[in-house]
Protein chains: 2
Amino acid sequence: MCGQCGCEQPPAPQRLELHQWLLSRNDHQAAHNRAHFRSHGLRSVNLLSAPGSGKTALLEQLARRWPRPPIGVIVGDLATDNDARRLQAAGARAVQIRTGDLCHLDAALVDQAFAQLDCRGMDLLVIENVGNLVCPTAFDLGEERRLAVLAVTEGEDKPLKYPALFKSADAVVVNKSDLAEAVDFDRRAAFANLRAIAPQAELFELSARSGSGLDALIQWLDGQSS
Amino acid sequence: MCGQCGCEQPPAPQRLELHQWLLSRNDHQAAHNRAHFRSHGLRSVNLLSAPGSGKTALLEQLARRWPRPPIGVIVGDLATDNDARRLQAAGARAVQIRTGDLCHLDAALVDQAFAQLDCRGMDLLVIENVGNLVCPTAFDLGEERRLAVLAVTEGEDKPLKYPALFKSADAVVVNKSDLAEAVDFDRRAAFANLRAIAPQAELFELSARSGSGLDALIQWLDGQSS
């Protein structure tokens, strides 16, 4: 019964059960994806950030600079295929997933997209998630590593405010370093926050726009076991 | 049965039924909130954007410049009470909701927070949602109007890539106008995208950091019926 107007409210369906079922089904598919990526000799990365942090610009640079091109990208957005087209123009093989109103990629969507990707002669697959600092965190896509991006324009406190995502990352890119001065970015506070929340993560500071600082990230990606 | 390894998968609980139940329960509470806000003579606004678009900076300016201070703010974040403290320092009455791992505010959380807000002598209530361009869209909080924020640093195509949120907005603020030149912001493309996706919305261009352009927004907020 509603405590404010006294009307009858219908009883709740099994919310927890559904959540657990979704995650367990996803984990099962993610294990298949992981085996599938490995059987193709692919390093695989799940790339996560807020909207507009520069994930696609970072991948454009990576597509041009990866030592053994082309790279493969599966890219998720609610709508448009803008990102896949940008990445193809940069030399990547890219497949777009349009999620409609879904706020994250899941392992089944990635499996379907992977079937459309020609991965011959390719050793790096990046899955560019929907721009969202919350929901993608819980969904394993079968990736080997997670890479989170934080733009200096978003502010120093985002790792504290969205801790789960940063805690789950193997590395964090601090992007748009060319704008740090213009936005009075407090570099010391940002890195202290990242080290407090995500002590496990490698940290990279770069500008995807200029390409400055990208080499260290490429080295880290290249050092992954396949 | 799993199509890849042949193992048995448990059957799905009622996913659609749960989603409908959650939204219908939320809509019911939102109607109570709306009546509650009105009975206190409050204009109410749901403020939505991606993380780091400058919602809190905008509210700090608003707290200082609103013609009949103080303003009230209910602010949602997964973690920390940084934003409530910033807003209180700017003169607002602010209540922080920490959602844990929840990716959006809902009407019940807002109802609980509103009970903690002293709204005597106040005529404007802003609910600052969790930074997320997807999930908050479906949840009516009982607000009269929705205000979306897009920062120039996020790129011109975000209205196309996250259409549902912009379609639901009564007004859109294009923020961080002081950085437009530094990021090569294509103003014409951004406004064309906004007009195509959200023809119903009033558009404001401003810098929450400098305060430039804020007067037109204050006028719009002040013109709302209470």
# chains A, B, ... in the order shown; residues from 1 in each chain; ligands from 1
$ residues_around --residues "region 185-188 of chain A" --least-positions-apart "5" --cutoff "7 Å" --atoms "only C-alpha atoms" --output "JSON, numbers by chain"
{"A": [152, 155, 156, 180]}
$ interface_residues --of "chain A" --to "chain B" --cutoff "9 Å" --atoms "only C-alpha atoms" --output "PDB file with N, CA and C atoms, in the first residue's frame"
ATOM      1  N   CYS A   2       0.478   2.256  -0.753  1.00  0.00           N
ATOM      2  CA  CYS A   2       1.215   3.517  -0.789  1.00  0.00           C
ATOM      3  C   CYS A   2       1.042   4.244   0.541  1.00  0.00           C
ATOM      4  N   GLN A   4       1.509   7.314   1.198  1.00  0.00           N
ATOM      5  CA  GLN A   4       1.116   8.716   1.081  1.00  0.00           C
ATOM      6  C   GLN A   4      -0.351   8.903   0.725  1.00  0.00           C
ATOM      7  N   CYS A   5      -0.868   8.076  -0.185  1.00  0.00           N
ATOM      8  CA  CYS A   5      -2.283   8.265  -0.547  1.00  0.00           C
ATOM      9  C   CYS A   5      -3.118   7.046  -0.174  1.00  0.00           C
ATOM     10  N   GLN A   9      -0.702  -0.727  -4.150  1.00  0.00           N
ATOM     11  CA  GLN A   9       0.356  -0.834  -5.158  1.00  0.00           C
ATOM     12  C   GLN A   9       0.577  -2.318  -5.441  1.00  0.00           C
ATOM     13  N   PRO A  10       0.829  -2.683  -6.707  1.00  0.00           N
ATOM     14  CA  PRO A  10       1.055  -4.105  -6.989  1.00  0.00           C
ATOM     15  C   PRO A  10       2.339  -4.599  -6.321  1.00  0.00           C
ATOM     16  N   PRO A  11       2.403  -5.888  -5.969  1.00  0.00           N
ATOM     17  CA  PRO A  11       3.607  -6.414  -5.323  1.00  0.00           C
ATOM     18  C   PRO A  11       4.788  -6.445  -6.307  1.00  0.00           C
ATOM     19  N   ALA A  12       6.001  -6.359  -5.767  1.00  0.00           N
ATOM     20  CA  ALA A  12       7.194  -6.335  -6.617  1.00  0.00           C
ATOM     21  C   ALA A  12       7.499  -7.709  -7.197  1.00  0.00           C
ATOM     22  N   PRO A  13       7.831  -7.782  -8.494  1.00  0.00           N
ATOM     23  CA  PRO A  13       8.389  -9.025  -9.021  1.00  0.00           C
ATOM     24  C   PRO A  13       9.776  -9.263  -8.418  1.00  0.00           C
ATOM     25  N   GLN A  14      10.394 -10.364  -8.778  1.00  0.00           N
ATOM     26  CA  GLN A  14      11.660 -10.759  -8.160  1.00  0.00           C
ATOM     27  C   GLN A  14      12.827  -9.970  -8.745  1.00  0.00           C
ATOM     28  N   ARG A  15      13.118  -8.812  -8.154  1.00  0.00           N
ATOM     29  CA  ARG A  15      14.125  -7.919  -8.707  1.00  0.00           C
ATOM     30  C   ARG A  15      15.542  -8.498  -8.595  1.00  0.00           C
ATOM     31  N   GLU A  17      16.475 -11.548  -8.156  1.00  0.00           N
ATOM     32  CA  GLU A  17      16.625 -12.764  -8.951  1.00  0.00           C
ATOM     33  C   GLU A  17      16.939 -12.422 -10.417  1.00  0.00           C
ATOM     34  N   LEU A  18      16.234 -11.395 -10.936  1.00  0.00           N
ATOM     35  CA  LEU A  18      16.455 -10.996 -12.324  1.00  0.00           C
ATOM     36  C   LEU A  18      17.865 -10.462 -12.509  1.00  0.00           C
ATOM     37  N   TRP A  21      20.304 -13.237 -12.489  1.00  0.00           N
ATOM     38  CA  TRP A  21      20.184 -14.043 -13.696  1.00  0.00           C
ATOM     39  C   TRP A  21      20.875 -13.345 -14.869  1.00  0.00           C
ATOM     40  N   LEU A  22      20.638 -12.030 -15.007  1.00  0.00           N
ATOM     41  CA  LEU A  22      21.247 -11.271 -16.106  1.00  0.00           C
ATOM     42  C   LEU A  22      22.769 -11.330 -16.023  1.00  0.00           C
ATOM     43  N   ARG A  25      24.077 -14.930 -16.691  1.00  0.00           N
ATOM     44  CA  ARG A  25      24.019 -15.240 -18.117  1.00  0.00           C
ATOM     45  C   ARG A  25      25.121 -14.486 -18.860  1.00  0.00           C
ATOM     46  N   HIS A  28      28.569 -16.046 -18.296  1.00  0.00           N
ATOM     47  CA  HIS A  28      28.703 -17.271 -19.093  1.00  0.00           C
ATOM     48  C   HIS A  28      29.115 -16.934 -20.525  1.00  0.00           C
ATOM     49  N   GLN A  29      28.422 -15.971 -21.130  1.00  0.00           N
ATOM     50  CA  GLN A  29      28.745 -15.559 -22.502  1.00  0.00           C
ATOM     51  C   GLN A  29      30.130 -14.916 -22.557  1.00  0.00           C
ATOM     52  N   HIS A  32      32.817 -17.421 -22.920  1.00  0.00           N
ATOM     53  CA  HIS A  32      32.914 -17.858 -24.321  1.00  0.00           C
ATOM     54  C   HIS A  32      33.687 -16.836 -25.158  1.00  0.00           C
ATOM     55  N   ALA A  50      33.125   8.331 -19.413  1.00  0.00           N
ATOM     56  CA  ALA A  50      31.947   9.179 -19.558  1.00  0.00           C
ATOM     57  C   ALA A  50      31.801   9.578 -21.031  1.00  0.00           C
ATOM     58  N   PRO A  51      30.613  10.051 -21.428  1.00  0.00           N
ATOM     59  CA  PRO A  51      30.465  10.545 -22.803  1.00  0.00           C
ATOM     60  C   PRO A  51      31.425  11.712 -23.049  1.00  0.00           C
ATOM     61  N   GLY A  52      32.071  11.710 -24.216  1.00  0.00           N
ATOM     62  CA  GLY A  52      32.886  12.856 -24.605  1.00  0.00           C
ATOM     63  C   GLY A  52      34.251  12.937 -23.957  1.00  0.00           C
ATOM     64  N   SER A  53      34.753  11.824 -23.400  1.00  0.00           N
ATOM     65  CA  SER A  53      36.081  11.843 -22.771  1.00  0.00           C
ATOM     66  C   SER A  53      37.194  11.653 -23.780  1.00  0.00           C
ATOM     67  N   GLY A  54      36.812  11.297 -25.018  1.00  0.00           N
ATOM     68  CA  GLY A  54      37.820  11.150 -26.065  1.00  0.00           C
ATOM     69  C   GLY A  54      38.213   9.707 -26.354  1.00  0.00           C
ATOM     70  N   ASP A  77      27.174   2.459 -29.112  1.00  0.00           N
ATOM     71  CA  ASP A  77      26.491   3.734 -28.868  1.00  0.00           C
ATOM     72  C   ASP A  77      25.004   3.460 -28.852  1.00  0.00           C
ATOM     73  N   LEU A  78      24.252   4.332 -28.199  1.00  0.00           N
ATOM     74  CA  LEU A  78      22.805   4.183 -28.245  1.00  0.00           C
ATOM     75  C   LEU A  78      22.292   4.360 -29.675  1.00  0.00           C
ATOM     76  N   ALA A  79      22.855   5.365 -30.378  1.00  0.00           N
ATOM     77  CA  ALA A  79      22.398   5.672 -31.734  1.00  0.00           C
ATOM     78  C   ALA A  79      23.568   6.189 -32.552  1.00  0.00           C
ATOM     79  N   THR A  80      23.423   6.171 -33.856  1.00  0.00           N
ATOM     80  CA  THR A  80      24.379   6.609 -34.894  1.00  0.00           C
ATOM     81  C   THR A  80      25.495   5.574 -35.096  1.00  0.00           C
ATOM     82  N   ASP A  81      26.133   5.643 -36.276  1.00  0.00           N
ATOM     83  CA  ASP A  81      27.347   4.859 -36.513  1.00  0.00           C
ATOM     84  C   ASP A  81      28.524   5.801 -36.768  1.00  0.00           C
ATOM     85  N   ASN A  82      28.444   7.003 -36.197  1.00  0.00           N
ATOM     86  CA  ASN A  82      29.502   8.011 -36.357  1.00  0.00           C
ATOM     87  C   ASN A  82      30.871   7.461 -35.983  1.00  0.00           C
ATOM     88  N   ASP A 101      18.139   1.853 -26.304  1.00  0.00           N
ATOM     89  CA  ASP A 101      18.114   2.550 -25.014  1.00  0.00           C
ATOM     90  C   ASP A 101      18.927   1.824 -23.948  1.00  0.00           C
ATOM     91  N   LEU A 102      19.750   0.872 -24.359  1.00  0.00           N
ATOM     92  CA  LEU A 102      20.550   0.124 -23.384  1.00  0.00           C
ATOM     93  C   LEU A 102      21.803   0.926 -23.020  1.00  0.00           C
ATOM     94  N   CYS A 103      22.068   1.015 -21.703  1.00  0.00           N
ATOM     95  CA  CYS A 103      23.077   1.924 -21.167  1.00  0.00           C
ATOM     96  C   CYS A 103      24.474   1.318 -21.078  1.00  0.00           C
ATOM     97  N   GLY A 131      29.257   5.434 -23.544  1.00  0.00           N
ATOM     98  CA  GLY A 131      29.771   6.454 -22.637  1.00  0.00           C
ATOM     99  C   GLY A 131      28.923   6.536 -21.383  1.00  0.00           C
ATOM    100  N   ASN A 132      29.453   6.008 -20.274  1.00  0.00           N
ATOM    101  CA  ASN A 132      28.660   5.882 -19.052  1.00  0.00           C
ATOM    102  C   ASN A 132      29.614   5.417 -17.958  1.00  0.00           C
ATOM    103  N   LEU A 133      29.694   6.146 -16.852  1.00  0.00           N
ATOM    104  CA  LEU A 133      30.635   5.783 -15.778  1.00  0.00           C
ATOM    105  C   LEU A 133      30.032   4.839 -14.745  1.00  0.00           C
ATOM    106  N   VAL A 134      28.817   4.365 -14.983  1.00  0.00           N
ATOM    107  CA  VAL A 134      28.187   3.511 -13.973  1.00  0.00           C
ATOM    108  C   VAL A 134      27.905   2.104 -14.520  1.00  0.00           C
ATOM    109  N   CYS A 135      26.933   2.018 -15.405  1.00  0.00           N
ATOM    110  CA  CYS A 135      26.338   0.721 -15.754  1.00  0.00           C
ATOM    111  C   CYS A 135      27.286  -0.278 -16.424  1.00  0.00           C
ATOM    112  N   ALA A 151      38.826  12.503 -18.637  1.00  0.00           N
ATOM    113  CA  ALA A 151      39.318  13.721 -19.286  1.00  0.00           C
ATOM    114  C   ALA A 151      39.550  14.804 -18.239  1.00  0.00           C
ATOM    115  N   THR A 153      38.923  17.762 -18.379  1.00  0.00           N
ATOM    116  CA  THR A 153      37.778  18.674 -18.371  1.00  0.00           C
ATOM    117  C   THR A 153      36.651  18.192 -17.458  1.00  0.00           C
ATOM    118  N   GLU A 154      36.699  16.943 -17.018  1.00  0.00           N
ATOM    119  CA  GLU A 154      35.618  16.397 -16.172  1.00  0.00           C
ATOM    120  C   GLU A 154      35.829  16.672 -14.693  1.00  0.00           C
ATOM    121  N   GLY A 155      37.034  17.074 -14.325  1.00  0.00           N
ATOM    122  CA  GLY A 155      37.279  17.392 -12.921  1.00  0.00           C
ATOM    123  C   GLY A 155      38.012  16.287 -12.197  1.00  0.00           C
ATOM    124  N   ASP A 157      37.604  15.014  -9.225  1.00  0.00           N
ATOM    125  CA  ASP A 157      36.950  14.164  -8.220  1.00  0.00           C
ATOM    126  C   ASP A 157      36.153  13.007  -8.810  1.00  0.00           C
ATOM    127  N   LYS A 158      36.181  12.835 -10.122  1.00  0.00           N
ATOM    128  CA  LYS A 158      35.356  11.780 -10.708  1.00  0.00           C
ATOM    129  C   LYS A 158      35.721  10.370 -10.220  1.00  0.00           C
ATOM    130  N   LEU A 160      36.505   9.553  -7.271  1.00  0.00           N
ATOM    131  CA  LEU A 160      35.852   9.415  -5.958  1.00  0.00           C
ATOM    132  C   LEU A 160      34.348   9.257  -6.118  1.00  0.00           C
ATOM    133  N   LYS A 161      33.790   9.902  -7.143  1.00  0.00           N
ATOM    134  CA  LYS A 161      32.334   9.914  -7.307  1.00  0.00           C
ATOM    135  C   LYS A 161      31.804   8.700  -8.082  1.00  0.00           C
ATOM    136  N   TYR A 162      32.665   8.056  -8.853  1.00  0.00           N
ATOM    137  CA  TYR A 162      32.283   6.862  -9.623  1.00  0.00           C
ATOM    138  C   TYR A 162      33.314   5.768  -9.339  1.00  0.00           C
ATOM    139  N   PRO A 163      33.433   5.364  -8.063  1.00  0.00           N
ATOM    140  CA  PRO A 163      34.587   4.519  -7.700  1.00  0.00           C
ATOM    141  C   PRO A 163      34.581   3.131  -8.333  1.00  0.00           C
ATOM    142  N   ALA A 164      33.411   2.517  -8.508  1.00  0.00           N
ATOM    143  CA  ALA A 164      33.387   1.112  -8.942  1.00  0.00           C
ATOM    144  C   ALA A 164      34.091   0.936 -10.286  1.00  0.00           C
ATOM    145  N   LEU A 179      44.462  20.443 -22.472  1.00  0.00           N
ATOM    146  CA  LEU A 179      43.503  21.420 -21.933  1.00  0.00           C
ATOM    147  C   LEU A 179      43.677  21.638 -20.431  1.00  0.00           C
ATOM    148  N   ALA A 182      44.005  25.247 -19.312  1.00  0.00           N
ATOM    149  CA  ALA A 182      42.806  26.050 -19.600  1.00  0.00           C
ATOM    150  C   ALA A 182      41.681  25.780 -18.596  1.00  0.00           C
ATOM    151  N   VAL A 183      41.645  24.578 -18.005  1.00  0.00           N
ATOM    152  CA  VAL A 183      40.567  24.269 -17.060  1.00  0.00           C
ATOM    153  C   VAL A 183      41.058  24.245 -15.603  1.00  0.00           C
TER     154      VAL A 183
END
$ residues_around --residues "Arg93 (chain B)" --least-positions-apart "6" --cutoff "8 Å" --atoms "only C-alpha atoms" --output "VMD selection string"
chain B and resid 70 to 73 87 117 to 118
$ write_last_selection --atoms "C-alpha atoms" --output "JSON list (two decimals), in the first residue's frame"
[["chain", "number", "residue", "atom", "x", "y", "z"],
["B", 70, "PRO", "CA", 18.33, 30.65, -1.01],
["B", 71, "ILE", "CA", 17.73, 28.01, -3.65],
["B", 72, "GLY", "CA", 17.25, 24.38, -2.64],
["B", 73, "VAL", "CA", 19.22, 21.55, -4.21],
["B", 87, "LEU", "CA", 26.58, 24.15, -2.93],
["B", 117, "LEU", "CA", 15.16, 20.11, 3.22],
["B", 118, "ASP", "CA", 13.99, 23.23, 5.01]]
$ residues_around --residues "Asn46 (chain A)" --least-positions-apart "6" --cutoff "6 Å" --atoms "only C-alpha atoms" --output "list in words"
Ile127, Glu143 and Arg146 of chain A
$ select_by_dssp --residues "region 6-94 of chain B" --states "helix (DSSP H, G or I)" --output "number ranges by chain"
B: 15-39, 55-65, 82-89
$ residues_around --residues "Lys167 (chain B)" --least-positions-apart "4" --cutoff "9 Å" --atoms "only C-alpha atoms" --output "JSON, numbers by chain"
{"B": [159, 163, 197, 198, 199, 200, 201]}
$ atom_distance --atom1 "CA of Ala35 (chain A)" --atom2 "CA of Arg65 (chain A)"
27.0 Å
$ residues_around --residues "Gln116 (chain A)" --least-positions-apart "5" --cutoff "10 Å" --atoms "only C-alpha atoms" --output "list in words"
Ile74, Ala94, Val95, Gln96 and Asp111 of chain A
$ residues_around --residues "Gly213 (chain A)" --least-positions-apart "3" --cutoff "12 Å" --atoms "only C-alpha atoms" --output "ChimeraX atom specification"
/A:58,61-62,173-178,203-210,216-219
$ write_last_selection --atoms "C-alpha atoms" --output "PDB file, in the first residue's frame"
ATOM      1  CA  LEU A  58      42.199   7.843 -28.658  1.00  0.00           C
ATOM      2  CA  GLN A  61      45.411   7.615 -32.855  1.00  0.00           C
ATOM      3  CA  LEU A  62      45.881   3.983 -31.875  1.00  0.00           C
ATOM      4  CA  VAL A 173      44.166   7.257 -19.198  1.00  0.00           C
ATOM      5  CA  VAL A 174      44.019  10.896 -18.110  1.00  0.00           C
ATOM      6  CA  ASN A 175      43.108  12.445 -21.456  1.00  0.00           C
ATOM      7  CA  LYS A 176      42.958  15.975 -22.915  1.00  0.00           C
ATOM      8  CA  SER A 177      46.191  16.913 -21.148  1.00  0.00           C
ATOM      9  CA  ASP A 178      46.508  19.776 -23.677  1.00  0.00           C
ATOM     10  CA  LEU A 203      48.200   5.570 -15.063  1.00  0.00           C
ATOM     11  CA  PHE A 204      48.822   7.332 -18.378  1.00  0.00           C
ATOM     12  CA  GLU A 205      48.562  11.025 -19.098  1.00  0.00           C
ATOM     13  CA  LEU A 206      48.120  11.990 -22.731  1.00  0.00           C
ATOM     14  CA  SER A 207      46.364  14.056 -25.343  1.00  0.00           C
ATOM     15  CA  ALA A 208      44.454  11.977 -27.858  1.00  0.00           C
ATOM     16  CA  ARG A 209      44.087  15.107 -29.965  1.00  0.00           C
ATOM     17  CA  SER A 210      47.800  15.818 -30.354  1.00  0.00           C
ATOM     18  CA  ALA A 216      53.590   4.672 -23.197  1.00  0.00           C
ATOM     19  CA  LEU A 217      50.011   3.479 -23.591  1.00  0.00           C
ATOM     20  CA  ILE A 218      50.862   1.625 -26.809  1.00  0.00           C
ATOM     21  CA  GLN A 219      53.747  -0.046 -25.007  1.00  0.00           C
TER      22      GLN A 219
END
$ closest_residue --among "B:Val75, B:Leu147, B:Ala89, B:Leu48" --to "Phe114 (chain B)" --atoms "only C-alpha atoms"
B:Val75
$ select_by_dssp --residues "region 44-176 of chain A" --states "strand (DSSP E or B)" --output "ChimeraX atom specification"
/A:44-49,72-77,93-98,124-128,145-151,171-175
$ write_last_selection --atoms "N, CA and C atoms" --output "mmCIF file, in the first residue's frame"
data_model
loop_
_atom_site.group_PDB
_atom_site.id
_atom_site.type_symbol
_atom_site.label_atom_id
_atom_site.label_comp_id
_atom_site.auth_asym_id
_atom_site.auth_seq_id
_atom_site.Cartn_x
_atom_site.Cartn_y
_atom_site.Cartn_z
ATOM 1 N N SER A 44 42.653 -8.247 -25.931
ATOM 2 C CA SER A 44 41.325 -7.608 -25.934
ATOM 3 C C SER A 44 41.189 -6.626 -24.773
ATOM 4 N N VAL A 45 40.612 -5.484 -25.070
ATOM 5 C CA VAL A 45 40.512 -4.383 -24.107
ATOM 6 C C VAL A 45 39.091 -3.832 -24.109
ATOM 7 N N ASN A 46 38.537 -3.618 -22.925
ATOM 8 C CA ASN A 46 37.238 -2.957 -22.756
ATOM 9 C C ASN A 46 37.523 -1.506 -22.374
ATOM 10 N N LEU A 47 37.120 -0.568 -23.228
ATOM 11 C CA LEU A 47 37.448 0.851 -23.057
ATOM 12 C C LEU A 47 36.227 1.597 -22.527
ATOM 13 N N LEU A 48 36.366 2.200 -21.341
ATOM 14 C CA LEU A 48 35.204 2.776 -20.651
ATOM 15 C C LEU A 48 35.463 4.217 -20.244
ATOM 16 N N SER A 49 34.429 5.049 -20.331
ATOM 17 C CA SER A 49 34.525 6.429 -19.838
ATOM 18 C C SER A 49 33.164 7.087 -19.876
ATOM 19 N N GLY A 72 41.261 -3.918 -34.465
ATOM 20 C CA GLY A 72 39.808 -4.145 -34.570
ATOM 21 C C GLY A 72 39.100 -3.392 -33.459
ATOM 22 N N VAL A 73 37.956 -2.817 -33.783
ATOM 23 C CA VAL A 73 37.178 -2.110 -32.760
ATOM 24 C C VAL A 73 35.711 -2.514 -32.864
ATOM 25 N N ILE A 74 35.135 -2.888 -31.741
ATOM 26 C CA ILE A 74 33.679 -3.039 -31.616
ATOM 27 C C ILE A 74 33.221 -1.844 -30.799
ATOM 28 N N VAL A 75 32.332 -1.026 -31.366
ATOM 29 C CA VAL A 75 32.015 0.242 -30.707
ATOM 30 C C VAL A 75 30.514 0.342 -30.422
ATOM 31 N N GLY A 76 30.196 0.675 -29.175
ATOM 32 C CA GLY A 76 28.798 0.734 -28.747
ATOM 33 C C GLY A 76 28.326 2.158 -28.551
ATOM 34 N N ASP A 77 27.174 2.459 -29.112
ATOM 35 C CA ASP A 77 26.491 3.734 -28.868
ATOM 36 C C ASP A 77 25.004 3.460 -28.852
ATOM 37 N N ARG A 93 39.515 -1.707 -38.438
ATOM 38 C CA ARG A 93 38.319 -2.468 -38.820
ATOM 39 C C ARG A 93 37.325 -2.298 -37.677
ATOM 40 N N ALA A 94 36.177 -1.727 -37.974
ATOM 41 C CA ALA A 94 35.258 -1.350 -36.890
ATOM 42 C C ALA A 94 33.845 -1.832 -37.161
ATOM 43 N N VAL A 95 33.215 -2.360 -36.130
ATOM 44 C CA VAL A 95 31.805 -2.775 -36.202
ATOM 45 C C VAL A 95 31.027 -1.974 -35.165
ATOM 46 N N GLN A 96 29.948 -1.339 -35.580
ATOM 47 C CA GLN A 96 29.132 -0.517 -34.670
ATOM 48 C C GLN A 96 28.003 -1.349 -34.078
ATOM 49 N N ILE A 97 27.824 -1.251 -32.767
ATOM 50 C CA ILE A 97 26.627 -1.775 -32.095
ATOM 51 C C ILE A 97 25.762 -0.579 -31.728
ATOM 52 N N ARG A 98 24.515 -0.580 -32.152
ATOM 53 C CA ARG A 98 23.575 0.461 -31.700
ATOM 54 C C ARG A 98 22.676 -0.177 -30.652
ATOM 55 N N LEU A 124 44.980 -6.954 -31.995
ATOM 56 C CA LEU A 124 44.413 -6.113 -30.933
ATOM 57 C C LEU A 124 42.940 -5.829 -31.223
ATOM 58 N N LEU A 125 42.104 -6.134 -30.240
ATOM 59 C CA LEU A 125 40.667 -5.840 -30.332
ATOM 60 C C LEU A 125 40.296 -4.917 -29.179
ATOM 61 N N VAL A 126 39.735 -3.765 -29.504
ATOM 62 C CA VAL A 126 39.249 -2.867 -28.461
ATOM 63 C C VAL A 126 37.732 -2.787 -28.548
ATOM 64 N N ILE A 127 37.090 -2.919 -27.409
ATOM 65 C CA ILE A 127 35.633 -2.783 -27.341
ATOM 66 C C ILE A 127 35.350 -1.442 -26.682
ATOM 67 N N GLU A 128 34.860 -0.491 -27.486
ATOM 68 C CA GLU A 128 34.577 0.854 -26.969
ATOM 69 C C GLU A 128 33.157 0.846 -26.418
ATOM 70 N N ARG A 145 41.651 -7.005 -20.422
ATOM 71 C CA ARG A 145 41.978 -5.850 -19.599
ATOM 72 C C ARG A 145 40.937 -4.763 -19.783
ATOM 73 N N ARG A 146 40.812 -3.952 -18.743
ATOM 74 C CA ARG A 146 39.925 -2.792 -18.787
ATOM 75 C C ARG A 146 40.741 -1.518 -18.753
ATOM 76 N N LEU A 147 40.380 -0.603 -19.624
ATOM 77 C CA LEU A 147 41.058 0.685 -19.703
ATOM 78 C C LEU A 147 39.996 1.766 -19.521
ATOM 79 N N ALA A 148 40.130 2.564 -18.471
ATOM 80 C CA ALA A 148 39.183 3.657 -18.225
ATOM 81 C C ALA A 148 39.820 4.967 -18.673
ATOM 82 N N VAL A 149 39.004 5.888 -19.131
ATOM 83 C CA VAL A 149 39.491 7.207 -19.545
ATOM 84 C C VAL A 149 38.812 8.274 -18.695
ATOM 85 N N LEU A 150 39.627 9.210 -18.217
ATOM 86 C CA LEU A 150 39.137 10.377 -17.477
ATOM 87 C C LEU A 150 39.690 11.608 -18.188
ATOM 88 N N ALA A 151 38.826 12.503 -18.637
ATOM 89 C CA ALA A 151 39.318 13.721 -19.286
ATOM 90 C C ALA A 151 39.550 14.804 -18.239
ATOM 91 N N ALA A 171 44.031 -0.086 -16.166
ATOM 92 C CA ALA A 171 44.783 1.146 -16.433
ATOM 93 C C ALA A 171 43.796 2.291 -16.606
ATOM 94 N N VAL A 172 44.265 3.493 -16.303
ATOM 95 C CA VAL A 172 43.450 4.701 -16.494
ATOM 96 C C VAL A 172 44.239 5.694 -17.334
ATOM 97 N N VAL A 173 43.596 6.186 -18.392
ATOM 98 C CA VAL A 173 44.166 7.257 -19.198
ATOM 99 C C VAL A 173 43.592 8.579 -18.721
ATOM 100 N N VAL A 174 44.461 9.526 -18.363
ATOM 101 C CA VAL A 174 44.019 10.896 -18.110
ATOM 102 C C VAL A 174 44.204 11.643 -19.430
ATOM 103 N N ASN A 175 43.093 11.930 -20.087
ATOM 104 C CA ASN A 175 43.108 12.445 -21.456
ATOM 105 C C ASN A 175 42.900 13.970 -21.489
#
$ decode --residues "region 131-141 of chain A" --atoms "N, CA and C atoms" --output "mmCIF file, in the first residue's frame"
data_model
loop_
_atom_site.group_PDB
_atom_site.id
_atom_site.type_symbol
_atom_site.label_atom_id
_atom_site.label_comp_id
_atom_site.auth_asym_id
_atom_site.auth_seq_id
_atom_site.Cartn_x
_atom_site.Cartn_y
_atom_site.Cartn_z
ATOM 1 N N GLY A 131 29.257 5.434 -23.544
ATOM 2 C CA GLY A 131 29.771 6.454 -22.637
ATOM 3 C C GLY A 131 28.923 6.536 -21.383
ATOM 4 N N ASN A 132 29.453 6.008 -20.274
ATOM 5 C CA ASN A 132 28.660 5.882 -19.052
ATOM 6 C C ASN A 132 29.614 5.417 -17.958
ATOM 7 N N LEU A 133 29.694 6.146 -16.852
ATOM 8 C CA LEU A 133 30.635 5.783 -15.778
ATOM 9 C C LEU A 133 30.032 4.839 -14.745
ATOM 10 N N VAL A 134 28.817 4.365 -14.983
ATOM 11 C CA VAL A 134 28.187 3.511 -13.973
ATOM 12 C C VAL A 134 27.905 2.104 -14.520
ATOM 13 N N CYS A 135 26.933 2.018 -15.405
ATOM 14 C CA CYS A 135 26.338 0.721 -15.754
ATOM 15 C C CYS A 135 27.286 -0.278 -16.424
ATOM 16 N N PRO A 136 28.212 0.151 -17.278
ATOM 17 C CA PRO A 136 29.064 -0.857 -17.929
ATOM 18 C C PRO A 136 29.953 -1.634 -16.953
ATOM 19 N N THR A 137 30.161 -1.085 -15.749
ATOM 20 C CA THR A 137 31.103 -1.679 -14.801
ATOM 21 C C THR A 137 30.800 -3.146 -14.505
ATOM 22 N N ALA A 138 29.525 -3.476 -14.331
ATOM 23 C CA ALA A 138 29.155 -4.821 -13.874
ATOM 24 C C ALA A 138 29.195 -5.871 -14.982
ATOM 25 N N PHE A 139 29.375 -5.444 -16.236
ATOM 26 C CA PHE A 139 29.250 -6.381 -17.352
ATOM 27 C C PHE A 139 30.606 -6.744 -17.958
ATOM 28 N N ASP A 140 31.072 -7.950 -17.616
ATOM 29 C CA ASP A 140 32.258 -8.525 -18.244
ATOM 30 C C ASP A 140 31.930 -8.792 -19.709
ATOM 31 N N LEU A 141 32.770 -8.333 -20.631
ATOM 32 C CA LEU A 141 32.520 -8.572 -22.062
ATOM 33 C C LEU A 141 33.408 -9.676 -22.619
#
